[in-house]
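Q: Before we start, here is the structure in question, set down as structure tokens.
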Amino acid sequence: MLNSNTKYKLSDKALFQKVVDETVILDSISGQYYTLDPIGTEMVEALTTGKSVSQVVALIEQSYDAQAENIQADLAELISKMSDKGLLEEIQ
């Protein structure tokens, strides 16, 4: 379960680039890249501007017709996957 007050940032090895209707995140160490859909892009952009988990959920909830529980679950999965790959770090 995510702490709603937690904030995250992209790690130093993550290169973030928008390409047309998706975003590519490149791991500059391994050379692997990952793509995000528009909602995932919006989530990561919000996180990297210093918004907390709860602020990101509220932002997405305002922009899309989705329930907060679903948004939080999707955000938790995104944060988990990116953190596991060393692309996203918790701000202490």
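So you can find residues: chains in the structure tokens are A, B, ... in the order shown, residues in each start at 1, and ligands are numbered from 1 in order.
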Find the residues around segment 68-74 of chain A up to 7 Å (only C-alpha atoms counted), leave out those fewer than 4 positions away in its own chain, and share them as a list in words.
A: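 Answer for this query is Val57, Glu61 and Leu78 of chain A.
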Q: Show which residues sit within 10 Å of Gly86 of chain A, as a PDB file with N, CA, C and O atoms, in the first residue's frame. Count only C-alpha atoms, and ignore same-chain residues fewer than 6 positions away.
A:
ATOM      1  N   LEU A  10      12.350  10.919 -10.743  1.00  0.00           N
ATOM      2  CA  LEU A  10      13.053  10.024 -11.654  1.00  0.00           C
ATOM      3  C   LEU A  10      14.480   9.864 -11.161  1.00  0.00           C
ATOM      4  O   LEU A  10      15.089  10.813 -10.659  1.00  0.00           O
ATOM      5  N   SER A  11      15.022   8.672 -11.301  1.00  0.00           N
ATOM      6  CA  SER A  11      16.410   8.459 -10.907  1.00  0.00           C
ATOM      7  C   SER A  11      17.338   9.127 -11.928  1.00  0.00           C
ATOM      8  O   SER A  11      16.914   9.500 -13.026  1.00  0.00           O
ATOM      9  N   ASP A  12      18.589   9.258 -11.558  1.00  0.00           N
ATOM     10  CA  ASP A  12      19.567   9.897 -12.447  1.00  0.00           C
ATOM     11  C   ASP A  12      19.782   9.113 -13.732  1.00  0.00           C
ATOM     12  O   ASP A  12      20.192   9.681 -14.740  1.00  0.00           O
ATOM     13  N   LYS A  13      19.516   7.805 -13.698  1.00  0.00           N
ATOM     14  CA  LYS A  13      19.747   6.993 -14.903  1.00  0.00           C
ATOM     15  C   LYS A  13      18.546   6.956 -15.848  1.00  0.00           C
ATOM     16  O   LYS A  13      18.630   6.398 -16.931  1.00  0.00           O
ATOM     17  N   ALA A  14      17.428   7.563 -15.453  1.00  0.00           N
ATOM     18  CA  ALA A  14      16.204   7.536 -16.261  1.00  0.00           C
ATOM     19  C   ALA A  14      16.127   8.764 -17.155  1.00  0.00           C
ATOM     20  O   ALA A  14      16.193   9.886 -16.689  1.00  0.00           O
ATOM     21  N   ASP A  27      16.500   3.613 -19.706  1.00  0.00           N
ATOM     22  CA  ASP A  27      17.452   3.323 -18.645  1.00  0.00           C
ATOM     23  C   ASP A  27      18.831   3.525 -19.260  1.00  0.00           C
ATOM     24  O   ASP A  27      19.275   2.726 -20.082  1.00  0.00           O
ATOM     25  N   SER A  80       5.676   0.850  -8.403  1.00  0.00           N
ATOM     26  CA  SER A  80       6.367  -0.394  -8.060  1.00  0.00           C
ATOM     27  C   SER A  80       7.266  -0.877  -9.194  1.00  0.00           C
ATOM     28  O   SER A  80       8.438  -1.188  -8.985  1.00  0.00           O
TER      29      SER A  80
END
Q: Could you pull out all residues of chain A with a DSSP call of helix (DSSP H, G or I) and give them as a ChimeraX atom specification?
A: /A:38-48,53-63,68-84
Q: Among the residues of chain A, find those DSSP assigns to strand (DSSP E or B) from the backbone and print them as a ChimeraX atom specification.
A: /A:7-10,14-19,22-27,33-36,52,88-90
Q: Grab the residues selected above and save them as a PDB file, in the first residue's frame with N, CA and C atoms.
A:
ATOM      1  N   LYS A   7       6.494  11.225  -1.932  1.00  0.00           N
ATOM      2  CA  LYS A   7       6.825  11.876  -3.206  1.00  0.00           C
ATOM      3  C   LYS A   7       7.961  11.100  -3.867  1.00  0.00           C
ATOM      4  N   TYR A   8       8.002  11.154  -5.191  1.00  0.00           N
ATOM      5  CA  TYR A   8       8.987  10.410  -5.969  1.00  0.00           C
ATOM      6  C   TYR A   8       9.652  11.321  -6.984  1.00  0.00           C
ATOM      7  N   LYS A   9      10.796  10.868  -7.498  1.00  0.00           N
ATOM      8  CA  LYS A   9      11.481  11.558  -8.588  1.00  0.00           C
ATOM      9  C   LYS A   9      12.093  10.509  -9.505  1.00  0.00           C
ATOM     10  N   LEU A  10      12.350  10.919 -10.743  1.00  0.00           N
ATOM     11  CA  LEU A  10      13.053  10.024 -11.654  1.00  0.00           C
ATOM     12  C   LEU A  10      14.480   9.864 -11.161  1.00  0.00           C
ATOM     13  N   ALA A  14      17.428   7.563 -15.453  1.00  0.00           N
ATOM     14  CA  ALA A  14      16.204   7.536 -16.261  1.00  0.00           C
ATOM     15  C   ALA A  14      16.127   8.764 -17.155  1.00  0.00           C
ATOM     16  N   LEU A  15      16.004   8.544 -18.448  1.00  0.00           N
ATOM     17  CA  LEU A  15      15.828   9.617 -19.418  1.00  0.00           C
ATOM     18  C   LEU A  15      14.376   9.572 -19.901  1.00  0.00           C
ATOM     19  N   PHE A  16      13.665  10.675 -19.756  1.00  0.00           N
ATOM     20  CA  PHE A  16      12.232  10.775 -20.002  1.00  0.00           C
ATOM     21  C   PHE A  16      12.017  11.593 -21.265  1.00  0.00           C
ATOM     22  N   GLN A  17      11.356  11.016 -22.275  1.00  0.00           N
ATOM     23  CA  GLN A  17      11.153  11.729 -23.540  1.00  0.00           C
ATOM     24  C   GLN A  17       9.772  11.432 -24.096  1.00  0.00           C
ATOM     25  N   LYS A  18       9.010  12.496 -24.384  1.00  0.00           N
ATOM     26  CA  LYS A  18       7.706  12.329 -25.025  1.00  0.00           C
ATOM     27  C   LYS A  18       7.906  12.148 -26.523  1.00  0.00           C
ATOM     28  N   VAL A  19       7.191  11.157 -27.076  1.00  0.00           N
ATOM     29  CA  VAL A  19       7.237  10.895 -28.509  1.00  0.00           C
ATOM     30  C   VAL A  19       5.797  10.729 -28.985  1.00  0.00           C
ATOM     31  N   GLU A  22       2.903   8.966 -26.788  1.00  0.00           N
ATOM     32  CA  GLU A  22       3.375   8.167 -25.673  1.00  0.00           C
ATOM     33  C   GLU A  22       4.695   8.731 -25.167  1.00  0.00           C
ATOM     34  N   THR A  23       5.139   8.197 -24.066  1.00  0.00           N
ATOM     35  CA  THR A  23       6.396   8.635 -23.475  1.00  0.00           C
ATOM     36  C   THR A  23       7.328   7.445 -23.386  1.00  0.00           C
ATOM     37  N   VAL A  24       8.586   7.698 -23.663  1.00  0.00           N
ATOM     38  CA  VAL A  24       9.614   6.673 -23.568  1.00  0.00           C
ATOM     39  C   VAL A  24      10.516   7.029 -22.393  1.00  0.00           C
ATOM     40  N   ILE A  25      10.776   6.034 -21.550  1.00  0.00           N
ATOM     41  CA  ILE A  25      11.740   6.202 -20.468  1.00  0.00           C
ATOM     42  C   ILE A  25      12.878   5.242 -20.759  1.00  0.00           C
ATOM     43  N   LEU A  26      14.071   5.805 -20.906  1.00  0.00           N
ATOM     44  CA  LEU A  26      15.259   5.012 -21.222  1.00  0.00           C
ATOM     45  C   LEU A  26      16.101   4.842 -19.972  1.00  0.00           C
ATOM     46  N   ASP A  27      16.500   3.613 -19.706  1.00  0.00           N
ATOM     47  CA  ASP A  27      17.452   3.323 -18.645  1.00  0.00           C
ATOM     48  C   ASP A  27      18.831   3.525 -19.260  1.00  0.00           C
ATOM     49  N   TYR A  33      14.404   0.373 -22.684  1.00  0.00           N
ATOM     50  CA  TYR A  33      13.452   1.473 -22.636  1.00  0.00           C
ATOM     51  C   TYR A  33      12.056   0.942 -22.382  1.00  0.00           C
ATOM     52  N   TYR A  34      11.238   1.807 -21.845  1.00  0.00           N
ATOM     53  CA  TYR A  34       9.881   1.472 -21.449  1.00  0.00           C
ATOM     54  C   TYR A  34       8.970   2.571 -21.971  1.00  0.00           C
ATOM     55  N   THR A  35       7.737   2.215 -22.320  1.00  0.00           N
ATOM     56  CA  THR A  35       6.802   3.217 -22.823  1.00  0.00           C
ATOM     57  C   THR A  35       5.643   3.379 -21.846  1.00  0.00           C
ATOM     58  N   LEU A  36       5.114   4.586 -21.821  1.00  0.00           N
ATOM     59  CA  LEU A  36       3.962   4.910 -20.988  1.00  0.00           C
ATOM     60  C   LEU A  36       2.842   5.433 -21.867  1.00  0.00           C
ATOM     61  N   SER A  52       2.596  14.681  -4.337  1.00  0.00           N
ATOM     62  CA  SER A  52       2.536  13.450  -3.548  1.00  0.00           C
ATOM     63  C   SER A  52       1.609  12.449  -4.244  1.00  0.00           C
ATOM     64  N   LEU A  88      12.662   5.127 -10.693  1.00  0.00           N
ATOM     65  CA  LEU A  88      11.934   6.068  -9.852  1.00  0.00           C
ATOM     66  C   LEU A  88      12.425   5.893  -8.425  1.00  0.00           C
ATOM     67  N   GLU A  89      12.642   6.992  -7.750  1.00  0.00           N
ATOM     68  CA  GLU A  89      13.141   6.943  -6.374  1.00  0.00           C
ATOM     69  C   GLU A  89      12.240   7.742  -5.460  1.00  0.00           C
ATOM     70  N   GLU A  90      12.074   7.230  -4.247  1.00  0.00           N
ATOM     71  CA  GLU A  90      11.308   7.945  -3.228  1.00  0.00           C
ATOM     72  C   GLU A  90      12.146   9.138  -2.754  1.00  0.00           C
TER      73      GLU A  90
END
Q: Have a look at A:Gln62, A:Thr6, A:Ser30, A:Gln67 and name the one nearest to Thr48 of chain A; count only C-alpha atoms.
A: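 Residue with the minimum atom-to-atom distance to Thr48 of chain A: A:Thr6.
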Q: Using only C-alpha atoms, which protein or nucleic acid residues come within 8 Å of Ile60 of chain A? Drop anything in the same chain fewer than 6 positions from it, and give the result as JSON, numbers by chain.
A: {"A": [39, 42, 43, 71]}
